[in-house]
>>> print(open('model.cif').read())   # mmCIF, C-alpha atoms
data_coords
loop_
_atom_site.label_atom_id
_atom_site.label_comp_id
_atom_site.auth_asym_id
_atom_site.auth_seq_id
_atom_site.Cartn_x
_atom_site.Cartn_y
_atom_site.Cartn_z
CA MET A 1 -33.08 55.15 -14.68
CA THR A 2 -31.03 52.07 -13.87
CA PHE A 3 -31.38 49.73 -10.89
CA ASN A 4 -28.54 51.54 -9.12
CA ASP A 5 -30.14 54.96 -9.72
CA TYR A 6 -33.34 53.72 -8.11
CA LEU A 7 -31.43 52.08 -5.26
CA PHE A 8 -29.63 55.33 -4.51
CA LEU A 9 -32.79 57.45 -4.75
CA PHE A 10 -34.99 55.17 -2.61
CA GLY A 11 -32.15 54.49 -0.17
CA GLY A 12 -31.81 58.23 0.43
CA MET A 13 -35.57 58.73 0.66
CA GLY A 14 -35.85 55.75 3.01
CA LEU A 15 -33.16 57.08 5.31
CA VAL A 16 -34.65 60.58 5.63
CA THR A 17 -38.07 59.00 6.22
CA TYR A 18 -36.88 56.44 8.76
CA LEU A 19 -34.76 58.72 10.95
CA PRO A 20 -37.53 61.18 11.91
CA ARG A 21 -39.69 58.16 12.77
CA ALA A 22 -37.06 56.27 14.77
CA LEU A 23 -34.94 58.84 16.60
CA PRO A 24 -37.68 60.39 18.80
CA LEU A 25 -38.90 56.93 19.82
CA LEU A 26 -35.42 55.58 20.53
CA TYR A 27 -34.56 58.67 22.53
CA LEU A 28 -37.80 59.42 24.39
CA ALA A 29 -38.77 55.85 25.27
CA HIS A 30 -35.71 55.58 27.51
CA LYS A 31 -35.87 58.95 29.12
CA LYS A 32 -38.07 60.23 31.89
CA MET A 33 -40.27 62.75 30.07
CA PRO A 34 -41.13 65.97 31.89
CA GLN A 35 -44.84 66.43 32.65
CA TRP A 36 -45.17 69.52 30.45
CA LEU A 37 -43.94 67.48 27.45
CA ILE A 38 -46.43 64.69 28.14
CA ASP A 39 -49.23 67.24 28.48
CA TRP A 40 -48.21 68.96 25.26
CA LEU A 41 -47.86 65.66 23.39
CA SER A 42 -51.34 64.60 24.52
CA LEU A 43 -52.73 67.45 22.39
CA ILE A 44 -50.64 66.52 19.33
CA PRO A 45 -52.92 63.71 17.98
CA VAL A 46 -56.07 65.84 17.83
CA ALA A 47 -54.06 68.71 16.33
CA ILE A 48 -52.40 66.54 13.66
CA LEU A 49 -55.63 64.79 12.69
CA SER A 50 -57.36 68.15 12.35
CA ALA A 51 -54.48 69.62 10.34
CA LEU A 52 -54.44 66.63 7.99
CA LEU A 53 -58.20 66.65 7.53
CA ALA A 54 -59.27 70.32 7.40
CA PRO A 55 -57.41 71.39 4.22
CA SER A 56 -58.82 68.38 2.35
CA LEU A 57 -62.35 69.42 3.33
CA PHE A 58 -62.15 73.20 2.91
CA THR A 59 -59.74 73.76 0.03
CA ASP A 60 -59.28 72.77 -3.58
CA ALA A 61 -55.93 70.98 -3.97
CA ALA A 62 -55.51 71.67 -7.70
CA THR A 63 -55.72 75.46 -7.37
CA ARG A 64 -54.79 75.59 -3.68
CA SER A 65 -57.67 77.95 -2.96
CA PHE A 66 -60.53 78.10 -0.47
CA ALA A 67 -63.51 75.97 -1.47
CA PHE A 68 -66.67 75.80 0.60
CA GLY A 69 -69.23 73.07 0.02
CA LYS A 70 -67.11 70.39 -1.65
CA LEU A 71 -68.61 66.89 -1.69
CA GLU A 72 -65.87 65.85 0.76
CA LEU A 73 -67.14 68.44 3.25
CA ILE A 74 -70.84 67.72 2.74
CA VAL A 75 -70.29 64.00 3.30
CA ALA A 76 -68.08 64.76 6.32
CA ILE A 77 -71.03 66.23 8.27
CA PRO A 78 -73.25 63.10 8.46
CA THR A 79 -70.09 60.98 8.79
CA LEU A 80 -69.02 63.05 11.79
CA ILE A 81 -72.47 62.76 13.38
CA PHE A 82 -72.44 59.01 12.81
CA ALA A 83 -68.99 58.78 14.45
CA LEU A 84 -70.14 60.84 17.45
CA LYS A 85 -73.28 58.71 17.93
CA THR A 86 -71.90 55.21 17.33
CA ARG A 87 -68.17 55.57 18.06
CA SER A 88 -67.63 52.78 15.56
CA LEU A 89 -64.55 53.12 13.36
CA GLY A 90 -65.50 50.47 10.82
CA GLY A 91 -69.08 51.73 10.56
CA THR A 92 -67.94 55.32 10.09
CA VAL A 93 -65.54 54.35 7.30
CA LEU A 94 -68.29 52.41 5.47
CA ILE A 95 -70.94 55.15 5.93
CA GLY A 96 -68.49 57.77 4.66
CA MET A 97 -67.67 55.67 1.61
CA LEU A 98 -71.32 54.93 0.86
CA LEU A 99 -72.37 58.59 1.11
CA TYR A 100 -69.39 59.74 -0.96
CA TRP A 101 -70.19 57.17 -3.61
CA LEU A 102 -73.88 58.12 -3.72
CA GLY A 103 -72.99 61.82 -3.69
CA GLY A 104 -70.65 61.35 -6.64
CA MET A 105 -73.44 59.82 -8.70
CA LEU A 106 -75.86 62.75 -8.17
CA MET B 1 -49.74 29.38 18.14
CA ASN B 2 -51.34 29.72 21.57
CA ASP B 3 -54.60 31.51 22.35
CA SER B 4 -53.12 34.79 23.49
CA ASN B 5 -51.01 35.04 20.33
CA LYS B 6 -54.10 34.36 18.25
CA GLN B 7 -55.96 37.07 20.11
CA THR B 8 -53.13 39.54 19.56
CA LEU B 9 -53.13 38.78 15.86
CA ARG B 10 -56.91 39.05 15.60
CA GLN B 11 -57.18 42.33 17.47
CA GLY B 12 -54.25 43.80 15.55
CA SER B 13 -55.86 42.84 12.22
CA THR B 14 -59.27 44.17 13.28
CA ALA B 15 -57.70 47.52 14.10
CA ALA B 16 -55.79 47.59 10.81
CA TRP B 17 -58.58 46.91 8.35
CA PRO B 18 -59.81 50.49 7.86
CA ILE B 19 -56.23 51.49 7.06
CA CYS B 20 -55.86 48.64 4.58
CA LEU B 21 -59.16 49.53 2.93
CA GLY B 22 -58.00 53.11 2.56
CA TYR B 23 -54.51 52.23 1.35
CA PHE B 24 -55.75 50.08 -1.47
CA PRO B 25 -57.13 52.76 -3.84
CA ILE B 26 -54.33 55.17 -2.98
CA GLY B 27 -51.69 52.52 -3.57
CA LEU B 28 -53.30 51.58 -6.89
CA ALA B 29 -53.34 55.23 -7.95
CA LEU B 30 -49.69 55.63 -7.00
CA GLY B 31 -48.75 52.52 -9.00
CA VAL B 32 -50.59 53.79 -12.07
CA LEU B 33 -48.88 57.20 -11.88
CA ALA B 34 -45.47 55.59 -11.33
CA GLN B 35 -45.95 53.36 -14.34
CA LYS B 36 -46.94 56.40 -16.44
CA ALA B 37 -43.80 58.16 -15.19
CA GLY B 38 -41.77 55.27 -16.60
CA MET B 39 -41.03 53.37 -13.40
CA PRO B 40 -40.99 49.58 -13.75
CA TRP B 41 -43.05 47.54 -11.26
CA TRP B 42 -39.97 46.35 -9.36
CA ALA B 43 -38.92 49.94 -8.73
CA VAL B 44 -42.39 50.64 -7.33
CA ALA B 45 -42.04 47.62 -5.02
CA MET B 46 -38.58 48.79 -3.97
CA MET B 47 -39.87 52.28 -3.22
CA SER B 48 -42.82 51.01 -1.15
CA ILE B 49 -40.53 48.72 0.86
CA MET B 50 -37.66 51.17 1.37
CA VAL B 51 -39.67 54.37 1.91
CA PHE B 52 -43.26 53.43 2.96
CA ALA B 53 -44.60 56.99 3.05
CA GLY B 54 -47.61 57.70 0.84
CA SER B 55 -47.41 61.42 0.29
CA ALA B 56 -43.63 61.42 -0.20
CA GLN B 57 -43.97 58.62 -2.75
CA PHE B 58 -46.54 60.59 -4.75
CA ILE B 59 -44.25 63.60 -4.73
CA CYS B 60 -41.31 61.42 -5.76
CA VAL B 61 -43.22 60.05 -8.77
CA ALA B 62 -44.25 63.57 -9.83
CA MET B 63 -40.67 64.80 -9.45
CA VAL B 64 -39.20 61.84 -11.35
CA ALA B 65 -41.72 62.49 -14.13
CA ALA B 66 -40.65 66.16 -14.18
CA GLY B 67 -36.98 65.16 -14.35
CA ALA B 68 -35.97 66.46 -10.90
CA SER B 69 -32.54 65.59 -9.47
CA THR B 70 -32.05 62.85 -6.87
CA PRO B 71 -30.86 65.24 -4.09
CA ALA B 72 -33.90 67.48 -4.68
CA ILE B 73 -36.27 64.51 -4.32
CA ILE B 74 -34.52 63.28 -1.15
CA LEU B 75 -34.59 66.75 0.42
CA THR B 76 -38.30 67.15 -0.37
CA THR B 77 -39.00 63.73 1.15
CA PHE B 78 -37.21 64.78 4.31
CA VAL B 79 -39.26 67.96 4.67
CA VAL B 80 -42.56 66.21 3.91
CA ASN B 81 -41.88 63.45 6.45
CA LEU B 82 -40.64 65.61 9.31
CA ARG B 83 -44.15 65.52 10.78
CA HIS B 84 -43.46 61.95 11.89
CA VAL B 85 -41.14 63.37 14.58
CA LEU B 86 -44.27 64.57 16.36
CA MET B 87 -46.07 61.26 15.95
CA SER B 88 -43.13 59.17 17.19
CA SER B 89 -42.75 61.48 20.18
CA ALA B 90 -46.43 61.10 21.05
CA LEU B 91 -46.16 57.29 20.73
CA ALA B 92 -43.09 57.27 23.01
CA VAL B 93 -45.41 58.11 25.93
CA TYR B 94 -46.91 54.60 25.56
CA LEU B 95 -43.69 52.75 24.70
CA GLN B 96 -41.62 53.67 27.74
CA GLY B 97 -38.69 51.35 28.42
CA VAL B 98 -39.36 49.08 25.42
CA ASN B 99 -36.14 47.60 24.01
CA ARG B 100 -34.41 49.43 21.21
CA SER B 101 -34.50 46.67 18.60
CA PHE B 102 -38.29 46.50 18.90
CA LEU B 103 -38.50 50.28 18.58
CA ALA B 104 -36.21 50.22 15.54
CA LEU B 105 -38.55 47.75 13.83
CA PHE B 106 -41.70 49.53 14.99
CA SER B 107 -40.53 52.96 13.79
CA TYR B 108 -40.41 51.76 10.21
CA GLY B 109 -44.21 51.54 10.14
CA VAL B 110 -45.12 54.86 11.78
CA THR B 111 -47.40 56.56 9.25
CA ASP B 112 -50.19 59.13 9.67
CA GLU B 113 -52.74 56.32 9.63
CA SER B 114 -51.04 53.71 11.84
CA PHE B 115 -50.10 56.46 14.29
CA ALA B 116 -53.72 57.60 14.60
CA VAL B 117 -55.10 54.09 15.02
CA ASN B 118 -52.43 52.89 17.47
CA LEU B 119 -52.48 56.02 19.58
CA THR B 120 -56.27 55.85 19.92
CA HIS B 121 -56.05 52.23 21.09
CA PHE B 122 -53.12 52.91 23.43
CA ARG B 123 -55.09 55.68 25.07
CA ASP B 124 -58.09 53.41 25.59
CA GLY B 125 -55.83 50.88 27.33
CA LYS B 126 -56.12 47.19 26.32
CA TRP B 127 -53.42 47.75 23.70
CA ASP B 128 -49.83 46.65 23.61
CA ARG B 129 -46.78 47.03 21.41
CA TRP B 130 -47.32 43.70 19.63
CA ARG B 131 -50.82 44.63 18.48
CA ALA B 132 -49.45 47.99 17.39
CA LEU B 133 -46.66 46.29 15.45
CA ILE B 134 -49.20 44.08 13.65
CA VAL B 135 -51.17 47.18 12.62
CA ASN B 136 -47.98 48.76 11.20
CA HIS B 137 -46.90 45.71 9.26
CA LEU B 138 -50.31 44.72 7.91
CA ALA B 139 -50.73 48.26 6.62
CA ASN B 140 -47.26 48.08 5.07
CA SER B 141 -47.96 44.74 3.33
CA VAL B 142 -51.19 46.03 1.84
CA TRP B 143 -49.43 49.20 0.72
CA ILE B 144 -46.66 47.27 -1.07
CA MET B 145 -49.20 44.98 -2.71
CA ALA B 146 -51.51 47.79 -3.79
CA THR B 147 -48.76 49.94 -5.30
CA VAL B 148 -47.32 46.99 -7.26
CA CYS B 149 -50.84 46.01 -8.42
CA GLY B 150 -51.33 49.59 -9.57
CA ALA B 151 -48.09 49.51 -11.57
CA LEU B 152 -49.08 46.23 -13.22
CA VAL B 153 -52.84 46.42 -13.84
CA GLY B 154 -53.98 49.73 -12.33
CA GLN B 155 -55.04 51.34 -15.58
CA PHE B 156 -57.89 48.81 -15.89
CA VAL B 157 -59.47 49.67 -12.52
CA PRO B 158 -62.41 52.12 -12.75
CA GLN B 159 -61.96 55.42 -10.90
CA GLY B 160 -63.98 56.17 -7.79
CA ALA B 161 -65.62 52.74 -7.46
CA LEU B 162 -67.71 52.28 -4.26
CA GLY B 163 -66.57 55.58 -2.76
CA ILE B 164 -63.38 53.87 -1.63
CA ASP B 165 -61.47 57.13 -2.13
CA TYR B 166 -63.22 58.38 0.99
CA ALA B 167 -62.06 55.53 3.26
CA LEU B 168 -59.13 57.36 4.85
CA THR B 169 -61.08 60.61 5.25
CA GLY B 170 -63.83 58.65 7.02
CA MET B 171 -61.25 56.98 9.23
CA PHE B 172 -59.60 60.28 10.15
CA ILE B 173 -62.99 61.80 11.01
CA CYS B 174 -63.78 58.96 13.40
CA LEU B 175 -60.31 58.93 14.98
CA LEU B 176 -60.63 62.68 15.47
CA VAL B 177 -63.92 62.09 17.30
CA PHE B 178 -62.18 59.54 19.56
CA GLN B 179 -59.61 62.19 20.49
CA LEU B 180 -62.21 64.69 21.70
CA GLN B 181 -62.03 63.83 25.38
CA GLY B 182 -62.72 67.22 26.88
CA ARG B 183 -63.17 70.87 26.03
CA ILE B 184 -59.45 71.54 25.59
CA TYR B 185 -59.22 68.85 22.90
CA VAL B 186 -62.15 70.34 20.99
CA ILE B 187 -60.58 73.81 21.17
CA THR B 188 -57.19 72.47 20.04
CA GLY B 189 -58.82 70.60 17.15
CA LEU B 190 -60.74 73.65 15.97
CA LEU B 191 -57.62 75.80 16.25
CA ALA B 192 -55.60 73.27 14.25
CA ALA B 193 -58.31 73.16 11.56
CA ALA B 194 -58.43 76.96 11.19
CA LEU B 195 -54.64 77.34 11.31
CA SER B 196 -53.97 74.51 8.85
CA VAL B 197 -56.43 75.83 6.27
CA THR B 198 -55.01 79.36 6.54
CA TRP B 199 -51.42 78.09 6.48
CA TYR B 200 -52.16 75.79 3.52
CA LEU B 201 -53.63 78.70 1.52
CA LEU B 202 -50.86 81.19 2.35
CA ILE B 203 -47.66 79.15 2.40
CA PRO B 204 -46.67 76.78 -0.43
CA GLY B 205 -45.41 73.28 0.40
CA ASP B 206 -46.39 70.96 3.23
CA SER B 207 -45.30 72.92 6.29
CA TYR B 208 -48.96 73.44 7.21
CA ILE B 209 -49.26 70.02 8.89
CA VAL B 210 -46.36 70.44 11.31
CA GLY B 211 -46.80 74.20 11.64
CA ALA B 212 -50.51 74.16 12.40
CA SER B 213 -50.46 71.14 14.70
CA MET B 214 -47.52 72.39 16.79
CA SER B 215 -49.02 75.87 17.07
CA ALA B 216 -52.47 74.55 17.99
CA ALA B 217 -51.06 72.11 20.58
CA THR B 218 -48.96 74.88 22.12
CA ILE B 219 -51.88 77.30 22.35
CA GLY B 220 -54.06 74.51 23.74
CA TYR B 221 -51.41 73.64 26.31
CA LEU B 222 -51.04 77.27 27.43
CA LEU B 223 -54.82 77.67 27.70
CA LYS B 224 -55.08 74.53 29.78
CA ARG B 225 -52.28 75.65 32.11
CA ARG B 226 -53.80 79.07 32.53
CA TYR B 227 -57.22 77.63 33.24
CA ARG B 228 -55.75 75.30 35.88
CA ARG B 229 -53.89 78.17 37.58
CA GLY B 230 -56.95 80.40 37.49
CA ARG B 231 -58.96 78.01 39.62
#
>>> encode(input="model.cif", output="C-alpha cells")
Amino acid sequence: MTFNDYLFLFGGMGLVTYLPRALPLLYLAHKKMPQWLIDWLSLIPVAILSALLAPSLFTDAATRSFAFGKLELIVAIPTLIFALKTRSLGGTVLIGMLLYWLGGML
Amino acid sequence: MNDSNKQTLRQGSTAAWPICLGYFPIGLALGVLAQKAGMPWWAVAMMSIMVFAGSAQFICVAMVAAGASTPAIILTTFVVNLRHVLMSSALAVYLQGVNRSFLALFSYGVTDESFAVNLTHFRDGKWDRWRALIVNHLANSVWIMATVCGALVGQFVPQGALGIDYALTGMFICLLVFQLQGRIYVITGLLAAALSVTWYLLIPGDSYIVGASMSAATIGYLLKRRYRRGR
C-alpha cells in the first residue's frame, strides 16, 4: 500500500470514528436534556462497563464459546473484592496484574 | 504555570496512569501485528493519530492482512465504534454549555477507557473539563508511542510480562465498582453482564456491547420508574 492508500483508509476510519464521538456531545451539550434521558444515561456507564467486561471473563474469544473458570475470571474475584474494600483504582489495577501474573506461572 | 494549572495537570495525570499502563502492552501488540501485516511504522503512527480506537485498529490490521477492501474496513470501523455515541451522550450531562471548539477537541479522545475514568470522576464532583481533556490526551500520546514502539521493536518484548495484560481488566473492574451506587445500578450491571455474554455467543460481530448495554439500561430505567410509582 502506498502513502495515499493509507491516508485514504485512515482518513475514512478516522472520520467514522470521530463523528459518533463528536456529534452527540456537540448536540446534547447545548440542549436542555429531558429528565428521562438523564436518568437513562446515568445507567449507561455501569451497563457498558459490564458489557465490555463480562464476555472477556466468561467466554473464550478464539472459539467464541462459553468458558467458565478462565484465569481472567478467577483473578477477577479477589480483584473485585479488593476494589469493593479499598475503592482504590491504582491498587486494584496492580493487585489484578500481580495475581494474573502469578496465576499464569502456576 | 500557576498553582491551579499545576494541580489540574497533576490530577489529570494521576487519573490517567492506569489507562496508560493498560494501553502500553496493547499498543505494543498492535504494533507487532501491524508490522507482521506489512505496515511500515509511519503508517502505524498515522493510524493511531487519525483513528485512535484500539479495537477498530486491531480489526483494521487483521483485515489489511487478509486483503480486505478499503470500504469494507471503513464500514467495519464505523459499526465497531458506534458504541461511542452512548459514551459521548453520557458525558454530555457533565459538559453542558461548554463551547463547541472545546467539545470538538475533547471528542477526539473519547475511548472506552477515558470515558469510564472521566465519567467516574465527574460523578464524584471535583472534576472539570480540563482535567478530563488531560486524561484523553495523555492516553492518546501513550497509545501513539506504544503502537509505534510495537511496530519498531515489539517482537523483542516478552509476552505476558508482569501480568500487564490484565491492567485494563483490573481498571474496568474497579470502575464498575465505583458505578454501583444503589440497587438499581447493581441490577443493571448484572443484566448487562448476562445479556452481553448471551448476545456475544449468539450473534457474530460486536453488536453485543451496544445491544446489551442499551437493553440493560432501558430495563433498569423501567424498573426504577415502576418502583418509584409503586411507592
>>> resolve_selection(input="model.cif", expression="the PyMOL selection byres ((chain A and resi 60) around 12)", output="JSON, numbers by chain")
{"A": [54, 55, 56, 57, 58, 59, 61, 62, 63, 64, 65, 66, 67, 68, 69, 70, 71, 72, 73], "B": [197, 200, 201]}
>>> atom_distance(input="model.cif", atom1="atom CA of Ala151 of chain B", atom2="atom CA of Ala34 of chain B")
6.6 Å
>>> closest_residue(input="model.cif", among="B:Ala65, B:Val135, B:Val79, B:Leu191", to="Met214 of chain B", atoms="all atoms listed in the file")
B:Leu191
>>> closest_residue(input="model.cif", among="B:Val51, B:Val148, B:Val117, B:Leu190", to="chain A", atoms="only C-alpha atoms")
B:Val51
>>> residues_around(input="model.cif", residues="segment 124-134 of chain B", least_positions_apart="2", cutoff="9 Å", atoms="all atoms listed in the file", output="list in words")
Thr8, Leu9, Arg10, Gln11, Gly12, Ser13, Ala15, Ala16, Tyr94, Leu95, Val98, Phe102, Leu105, Phe106, Gly109, Ser114, Val117, Asn118, Leu119, Thr120, His121, Phe122, Asn136, His137, Leu138 and Ala139 of chain B
>>> resolve_selection(input="model.cif", expression="the PyMOL selection byres ((chain B and resi 175) around 12)", output="JSON, numbers by chain")
{"A": [45, 46, 47, 48, 49, 50, 52, 53, 79, 80, 83, 84, 87, 88, 89, 90, 92, 93], "B": [15, 18, 19, 112, 113, 114, 115, 116, 117, 118, 119, 120, 121, 123, 168, 169, 170, 171, 172, 173, 174, 176, 177, 178, 179, 180, 181, 189]}
>>> closest_residue(input="model.cif", among="B:Pro158, B:Gly211, B:Gly97, B:Gly150", to="chain A", atoms="only C-alpha atoms")
B:Gly97
>>> resolve_selection(input="model.cif", expression="the PyMOL selection byres ((chain B and resi 37) around 8)", output="number ranges by chain")
B: 33-36, 38-39, 61-62, 64-65
>>> closest_residue(input="model.cif", among="B:Ala66, B:Ile49, B:Val157, B:Ala192", to="Tyr18 of chain A", atoms="only C-alpha atoms")
B:Ile49
>>> atom_distance(input="model.cif", atom1="atom CA of Leu28 of chain B", atom2="atom CA of Phe58 of chain B")
11.5 Å
>>> atom_distance(input="model.cif", atom1="atom CA of Lys224 of chain B", atom2="atom CA of Gln96 of chain B")
24.9 Å
>>> residues_near_point(input="model.cif", point="(-48.6, 70.6, 13.1)", cutoff="9 Å", atoms="only C-alpha atoms", output="MDAnalysis selection string")
(chainID A and resid 44 47:48 51:52) or (chainID B and resid 83 86 192 196 207:217)
>>> residues_near_point(input="model.cif", point="(-37.0, 57.6, 19.5)", cutoff="9 Å", atoms="only C-alpha atoms", output="ChimeraX atom specification")
/A:19-30 /B:85,88-89,92,100,103-104,107
>>> closest_residue(input="model.cif", among="B:Leu223, B:Ile59, B:Ile144, B:Val93", to="chain A", atoms="only C-alpha atoms")
B:Val93
>>> closest_residue(input="model.cif", among="A:Met33, A:Met97, A:Ile74, A:Ile81", to="chain B", atoms="only C-alpha atoms")
A:Met97
>>> decode(input="model.cif", residues="segment 95-113 of chain B", atoms="N, CA, C and O atoms", output="CSV table (one decimal), in the first residue's frame")
chain,number,residue,atom,x,y,z
B,95,LEU,N,-21.0,18.1,30.6
B,95,LEU,CA,-20.4,19.2,29.8
B,95,LEU,C,-21.4,20.1,29.2
B,95,LEU,O,-21.2,20.6,28.1
B,96,GLN,N,-22.4,20.4,30.0
B,96,GLN,CA,-23.5,21.3,29.5
B,96,GLN,C,-23.0,22.7,29.2
B,96,GLN,O,-22.3,23.3,30.1
B,97,GLY,N,-23.3,23.2,28.1
B,97,GLY,CA,-23.0,24.6,27.7
B,97,GLY,C,-21.5,24.9,27.4
B,97,GLY,O,-21.1,26.1,27.3
B,98,VAL,N,-20.6,23.9,27.4
B,98,VAL,CA,-19.2,24.1,27.1
B,98,VAL,C,-19.1,24.4,25.6
B,98,VAL,O,-19.8,23.9,24.8
B,99,ASN,N,-18.2,25.3,25.3
B,99,ASN,CA,-18.1,25.8,23.9
B,99,ASN,C,-17.7,24.7,22.9
B,99,ASN,O,-17.0,23.7,23.3
B,100,ARG,N,-18.2,24.9,21.7
B,100,ARG,CA,-18.1,23.8,20.7
B,100,ARG,C,-16.7,23.5,20.3
B,100,ARG,O,-16.4,22.3,20.0
B,101,SER,N,-15.8,24.4,20.3
B,101,SER,CA,-14.4,24.1,19.8
B,101,SER,C,-13.7,23.2,20.9
B,101,SER,O,-13.0,22.3,20.5
B,102,PHE,N,-14.0,23.5,22.2
B,102,PHE,CA,-13.5,22.6,23.2
B,102,PHE,C,-14.1,21.2,23.0
B,102,PHE,O,-13.3,20.2,23.0
B,103,LEU,N,-15.4,21.1,22.8
B,103,LEU,CA,-16.0,19.8,22.6
B,103,LEU,C,-15.5,19.0,21.4
B,103,LEU,O,-15.3,17.8,21.4
B,104,ALA,N,-15.2,19.8,20.3
B,104,ALA,CA,-14.6,19.2,19.1
B,104,ALA,C,-13.3,18.5,19.4
B,104,ALA,O,-13.0,17.4,18.9
B,105,LEU,N,-12.5,19.2,20.2
B,105,LEU,CA,-11.2,18.7,20.6
B,105,LEU,C,-11.3,17.5,21.6
B,105,LEU,O,-10.6,16.5,21.5
B,106,PHE,N,-12.2,17.7,22.5
B,106,PHE,CA,-12.4,16.7,23.6
B,106,PHE,C,-12.9,15.3,23.0
B,106,PHE,O,-12.4,14.3,23.3
B,107,SER,N,-13.8,15.4,22.0
B,107,SER,CA,-14.5,14.3,21.4
B,107,SER,C,-13.4,13.3,20.8
B,107,SER,O,-13.6,12.1,20.8
B,108,TYR,N,-12.4,13.9,20.3
B,108,TYR,CA,-11.3,13.1,19.6
B,108,TYR,C,-10.8,12.0,20.6
B,108,TYR,O,-10.5,10.9,20.2
B,109,GLY,N,-10.8,12.3,21.9
B,109,GLY,CA,-10.2,11.3,22.8
B,109,GLY,C,-11.2,10.5,23.6
B,109,GLY,O,-10.8,9.9,24.6
B,110,VAL,N,-12.4,10.5,23.2
B,110,VAL,CA,-13.4,9.6,23.9
B,110,VAL,C,-13.2,8.2,23.6
B,110,VAL,O,-13.6,7.8,22.5
B,111,THR,N,-12.6,7.4,24.5
B,111,THR,CA,-12.5,6.0,24.3
B,111,THR,C,-13.2,5.3,25.4
B,111,THR,O,-13.6,5.9,26.4
B,112,ASP,N,-13.3,3.9,25.3
B,112,ASP,CA,-13.9,3.2,26.4
B,112,ASP,C,-13.3,3.5,27.8
B,112,ASP,O,-13.9,3.7,28.8
B,113,GLU,N,-11.9,3.6,27.7
B,113,GLU,CA,-11.2,3.8,29.0
B,113,GLU,C,-11.3,5.2,29.5
B,113,GLU,O,-11.6,5.4,30.7
